[in-house]
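These notes are about the structure you will find just below.
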Amino acid sequence: MTKRLFVKGNEAVAMGALEAGCRYYFGYPITPQSDIPEYISRELPKLGGEFIQAESEVASINMLLGASACGARAMTSSSSPGISLKQEGISYMAGSECPGLIVNVCRSGPGLGGIDASQADYFQSVKGGGHGGYHIIVLAPDSVQEMYDMAILGFDLSDRYRVPAMILADAVIGQMKEGLEPHSYVAPDDLETKDWALIGDGKAGEQKIIKSLYLGDGELEAHNNHLHAKYAVMQEKEVRYEGIELDDAKLVVTAYGSTARIAKTAIRLARKEGMKVGLLRPITLFPFPKAAFKQCKRDGQRILCFELNNGQMVEDVRLAVRDVEVDFYGRAPGAGSLPTPEEFLAKIRSRYEA
Amino acid sequence: MSTEMKKVFSRPDSLKDVQTHFCPGCQHGTIHRLVAEAIDHFGIKDQTIGVASVGCSVFLYGYFDIDVIEAPHGRAPAVATGAKRVHPNRPVFTYQGDGDLAAIGTSEIIHTANRGELMTVIFVNNTTYGMTGGQMAPTTLPGQITSTTPYGRDVTKAGYPIKMAELLSGLDGVAYSVRVAVDTPKHVLQAGKAIRKAFETQLDGKGFAFVEVLSSCPTNWGMSPLAANERVGSEMIPYFPLGEYKDATGE
């Protein structure tokens, strides 16, 4: 029987990363994710890995680029203001097709903002974040268990597509403690040797170059089309979401991460009141579960989107379903408290009856 | 006759047989050759990882026949740190200009040096931003006219040229810090020796090694190649004295 642990989300994501074979961590302290570098600085040396507390988030993302270019599983973690600083490096990683795991335990902004939970980095995460029109894989765990599982999934997806992966959590998911059943990592059969990387195989005469500069006629256009073709394959094959009681639902609530946890309770309460309400929880925010939302449209369901921001994911939901009415209820970052299930229930009730 | 002729000079193995994009009189070509000669000298061509920076030296991978990672502007020492930690037994070097290393990348170079990362940094100081068209660099000399100091560098407003070889020599992680030039045959020989030593310092695990190379930029200085070469000796060396600022290699 698997051992059951009682740990923080931040510890779980670190444990999952090490289980997935991550042996290089580069980061800079910031609340509310500092448990991650603290855990890894303690555990990684035992595994023969390297931990560097870098001079800045800018340096740490570039160390990640260097380690990734050399074929290693490597990661960094930070929180919103620090993730902003990493955007330059993330754009270069995307451009030079370097995989790697980036954990964002979101806090509120803009600017220094506050240290409470927020989902206001959705746009930054799924729309590119840095310059140049790229995407990264974005995973949104809603539990401590998923923090562990998605560290592993993030590495596998990132390596498979040579696209950086981000875990978009927040202060709630990172700081809360709950049960975790760690499991042993088994590499997917389809993961190939990183022949593209500077893996030090010492093959004379085979120069390897990791770069994002393309100045030749038509080269950059072809490169961008290549990147976007990969995103299209991911959209086809890698979408993940959780559906709860969707079949008979007249109203579909959608939320991700910590907000989805509150929504799950609200839906149970709504069902007790006899309302046919379901939940569609995107797990991959990029690629976005467009088809699942289109199904809601075919089934004639109304959609209500909850977020811990002033409305970001709701735009992608509306794009997916176009002419279907999508309602939104959000709380601005830095509200100082989380919405309650009863608060969500009241919104569900008013939309259900409307 | 031909049987008596001996080849005394040839392109290093580590350099590709290609034309460079460098302007006439630019000294990147000479510095590339010296780095390649050092790589050949130690027989490490198949192991060496070069980290290219942003600026005229970005095309490192086009000229060196070695593995290369292209870094964002100023971040080469951080990228090289990640690479070196993954491959501690592979020689790693960065090749950076003055805007890259001494302006936007100041934080990365200082902390990489301070950690004593086992790598070699080649720093080409030509007192200007070459690739972007001759703007003021952190190493632009007082009074020097550039495209963004049209009245000459006013040190009361734009500060003073940064002396990187001296600055880094104050850090405990640095094993070797030296400034050389390539304006005369004698200086070229000294520069070659310093670059070899900087690789040896890394290979022997003695610490971080830094070589600042004074270089000309005839195009952006608005000078002929000959006049530009003379300026290295007449104006740059007096401000940026050549020599070893730190040698903790124990030799």
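Letters A, B, ... mark the chains of the structure tokens in the order given; residue numbers begin at 1 per chain; ligand numbers begin at 1, in order shown.
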I'd like the contact shell of Ile39 of chain B - 12 Å cut-off, only C-alpha atoms, skipping same-chain residues fewer than 6 positions apart - returned as an MDAnalysis selection string. chainID B and resid 12:15 32:33 45:50 64:66 90:93 120 192 195:200 203
8 Å contacts from chain B to chain A using only C-alpha atoms, as a PDB file with C-alpha atoms, in the first residue's frame:
ATOM      1  CA  ASP B  46      34.574  17.874 -29.256  1.00  0.00           C
ATOM      2  CA  GLN B  47      33.820  18.620 -25.599  1.00  0.00           C
ATOM      3  CA  TYR B  61      28.149  28.959 -33.929  1.00  0.00           C
ATOM      4  CA  ASP B  65      32.915  24.098 -35.096  1.00  0.00           C
ATOM      5  CA  ILE B  66      31.755  23.332 -31.541  1.00  0.00           C
ATOM      6  CA  ASP B  67      28.462  23.020 -29.656  1.00  0.00           C
ATOM      7  CA  VAL B  68      26.937  26.440 -28.997  1.00  0.00           C
ATOM      8  CA  ILE B  69      24.024  27.792 -26.966  1.00  0.00           C
ATOM      9  CA  GLU B  70      22.751  31.246 -27.854  1.00  0.00           C
ATOM     10  CA  ALA B  71      21.942  33.299 -24.740  1.00  0.00           C
ATOM     11  CA  PRO B  72      19.671  36.309 -24.294  1.00  0.00           C
ATOM     12  CA  ARG B  75      22.695  36.345 -19.768  1.00  0.00           C
ATOM     13  CA  ALA B  78      23.842  32.370 -16.356  1.00  0.00           C
ATOM     14  CA  VAL B  79      23.206  30.106 -19.357  1.00  0.00           C
ATOM     15  CA  ALA B  80      26.798  28.863 -19.096  1.00  0.00           C
ATOM     16  CA  THR B  81      26.271  28.195 -15.372  1.00  0.00           C
ATOM     17  CA  GLY B  82      23.314  25.930 -16.154  1.00  0.00           C
ATOM     18  CA  ALA B  83      25.331  24.122 -18.831  1.00  0.00           C
ATOM     19  CA  LYS B  84      28.408  23.710 -16.638  1.00  0.00           C
ATOM     20  CA  ARG B  85      26.404  22.285 -13.729  1.00  0.00           C
ATOM     21  CA  VAL B  86      24.928  19.661 -16.058  1.00  0.00           C
ATOM     22  CA  HIS B  87      28.275  18.893 -17.716  1.00  0.00           C
ATOM     23  CA  ARG B  90      32.949  19.789 -20.417  1.00  0.00           C
ATOM     24  CA  SER B 107      24.479  41.228 -12.555  1.00  0.00           C
ATOM     25  CA  GLU B 108      25.043  37.870 -14.253  1.00  0.00           C
ATOM     26  CA  HIS B 111      27.503  36.684  -9.562  1.00  0.00           C
TER      27      HIS B 111
END
So that I can check the surroundings of Ala103 of chain B, please list as a list in words every protein, DNA and RNA residue that reaches within 12 Å of it, counting only C-alpha atoms and ignoring chain neighbours fewer than 3 positions away.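 The filter keeps His73, Gly74, Arg75, Gln96, Gly97, Asp98, Gly99, Asp100, Thr106, Ser107, Glu108, Ile109, Ile110, Asn125, Thr127, Thr128, Tyr129, Met136, Ala137, Pro138, Thr139, Thr140, Pro161, Ile162, Lys163 and Met164 of chain B.
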Shell around Ser350 of chain A at 12 Å using only C-alpha atoms, local window under 5 positions removed, as a list in words: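 Close residues of Ser350 of chain A: Leu251, Ala270, Met275, Leu304, Asp327, Tyr329, Glu343, Phe344 and Leu345 of chain A.
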With N, CA and C atoms retained, export the selected residues as a PDB file, in the first residue's frame.
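Produced file out-v8.pdb, reproduced below:
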ATOM      1  N   LEU A 251     -26.925  24.051 -16.192  1.00  0.00           N
ATOM      2  CA  LEU A 251     -25.932  25.116 -16.020  1.00  0.00           C
ATOM      3  C   LEU A 251     -24.568  24.469 -15.765  1.00  0.00           C
ATOM      4  N   ALA A 270     -25.747  23.054  -4.623  1.00  0.00           N
ATOM      5  CA  ALA A 270     -26.776  23.348  -5.623  1.00  0.00           C
ATOM      6  C   ALA A 270     -27.578  22.084  -5.966  1.00  0.00           C
ATOM      7  N   MET A 275     -30.955  21.702  -8.146  1.00  0.00           N
ATOM      8  CA  MET A 275     -30.542  22.353  -9.395  1.00  0.00           C
ATOM      9  C   MET A 275     -29.617  21.426 -10.169  1.00  0.00           C
ATOM     10  N   LEU A 304     -21.367  29.389 -16.540  1.00  0.00           N
ATOM     11  CA  LEU A 304     -21.031  30.401 -15.528  1.00  0.00           C
ATOM     12  C   LEU A 304     -19.577  30.193 -15.122  1.00  0.00           C
ATOM     13  N   ASP A 327     -21.789  33.677 -18.390  1.00  0.00           N
ATOM     14  CA  ASP A 327     -21.794  34.608 -17.261  1.00  0.00           C
ATOM     15  C   ASP A 327     -20.483  34.491 -16.495  1.00  0.00           C
ATOM     16  N   TYR A 329     -18.449  35.545 -12.753  1.00  0.00           N
ATOM     17  CA  TYR A 329     -18.363  36.131 -11.428  1.00  0.00           C
ATOM     18  C   TYR A 329     -16.935  35.984 -10.930  1.00  0.00           C
ATOM     19  N   GLU A 343     -21.287  31.972  -1.439  1.00  0.00           N
ATOM     20  CA  GLU A 343     -21.213  33.111  -2.356  1.00  0.00           C
ATOM     21  C   GLU A 343     -21.381  32.629  -3.804  1.00  0.00           C
ATOM     22  N   PHE A 344     -20.682  31.541  -4.131  1.00  0.00           N
ATOM     23  CA  PHE A 344     -20.822  30.957  -5.470  1.00  0.00           C
ATOM     24  C   PHE A 344     -22.224  30.393  -5.671  1.00  0.00           C
ATOM     25  N   LEU A 345     -22.749  29.765  -4.608  1.00  0.00           N
ATOM     26  CA  LEU A 345     -24.087  29.157  -4.699  1.00  0.00           C
ATOM     27  C   LEU A 345     -25.136  30.219  -5.038  1.00  0.00           C
TER      28      LEU A 345
END
Write down as a list in words the residues of segment 245-291 of chain A whose backbone DSSP state falls under helix (DSSP H, G or I).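 Output for segment 245-291 of chain A, helix (DSSP H, G or I) only: Gly257, Ser258, Thr259, Ala260, Arg261, Ile262, Ala263, Lys264, Thr265, Ala266, Ile267, Arg268, Leu269, Ala270, Arg271, Lys272, Lys290 and Ala291 of chain A.
Coordinates place atom CA of Leu285 of chain A at a distance of 10.2 Å from atom CA of Gly257 of chain A.
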Write down as a PyMOL selection string the residues of segment 4-223 of chain B whose backbone DSSP state falls under strand (DSSP E). chain B and resi 49-52+67-70+92-97+120-125+128-129+135-136+174-181+208-214
Closest of B:Gly25, B:Gly173, B:Pro142, B:Gly133 to Met236 of chain B, counting only C-alpha atoms, is B:Pro142
